[in-house]
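Structure record follows, encoded as structure tokens.
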Amino acid sequence: MSTIDRVNFIPDGLNPSLEGNLIEEYLLTKGYRTGDMKRLPRKVSIQLMTEACTHVSLKLAEFESKAKFREKIHWT
């Protein structure tokens with residue numbers, strides 16, 4: 001997973017739009033948007049972004065695992 005620009009809360013990395021969408025999706029489940037992070041207390045925004053990044057990391061690992069599995073069974 002890529003790192004997060006701590007000023008703008010935008011992912012830097014291989015697929016920032018996918019990561020950004022997944023972060024936004026996670027935050028929406030918590031009742032927030034990425035733009036809200038700047039207005040929240042620092043502790044709260046850090047906690048939410050830590051949770052969001054963990055969620056994104058797990059989702060990306062899931063996508064990668066599924067892709068490898070599909071490729072493996074395709075060539076079997």
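Labels for the structure tokens follow display order: chains A, B, ..., residues from 1 in each chain, ligands from 1.
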- Based on DSSP run over this structure's backbone, return all residues of range 5-59 of chain A in strand (DSSP E or B), as number ranges by chain. A: 5, 10-12
- Item | Contacts of range 46-56 of chain A at 8 Å (only C-alpha atoms; same-chain gap of 4+ positions) as a list of chain:residue names | A:Met1, A:Glu19, A:Leu22, A:Ile23, A:Tyr26, A:Leu27, A:Arg42, A:Leu60
Written file, previous selection with N, CA and C atoms, as a CSV table (one decimal), in the first residue's frame:
chain,number,residue,atom,x,y,z
A,1,MET,N,0.8,-1.2,0.0
A,1,MET,CA,0.0,0.0,0.0
A,1,MET,C,0.9,1.2,0.0
A,19,GLU,N,-7.1,3.5,-4.3
A,19,GLU,CA,-6.9,3.6,-2.9
A,19,GLU,C,-7.7,4.8,-2.3
A,22,LEU,N,-11.3,3.7,-2.1
A,22,LEU,CA,-11.5,2.7,-0.9
A,22,LEU,C,-11.5,3.5,0.4
A,23,ILE,N,-10.6,4.5,0.5
A,23,ILE,CA,-10.6,5.3,1.7
A,23,ILE,C,-11.9,6.0,1.9
A,26,TYR,N,-14.6,3.7,3.0
A,26,TYR,CA,-14.5,3.4,4.4
A,26,TYR,C,-15.0,4.5,5.3
A,27,LEU,N,-14.6,5.7,4.9
A,27,LEU,CA,-14.9,6.9,5.8
A,27,LEU,C,-16.4,7.1,5.7
A,42,ARG,N,-7.3,16.4,15.7
A,42,ARG,CA,-6.1,15.6,15.1
A,42,ARG,C,-6.2,14.2,15.5
A,60,LEU,N,-6.9,-4.4,-0.8
A,60,LEU,CA,-6.0,-4.6,-1.9
A,60,LEU,C,-5.3,-5.9,-1.8
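Straight-line separation from CA of Leu28 in chain A to CA of Ala61 in chain A: 21.0 Å.
The two atoms in question, CA of Val44 in chain A and CA of Ser17 in chain A, are spaced 23.7 Å apart.
Distance-wise, CA of Ser45 in chain A and CA of Glu64 in chain A end up 28.0 Å apart.
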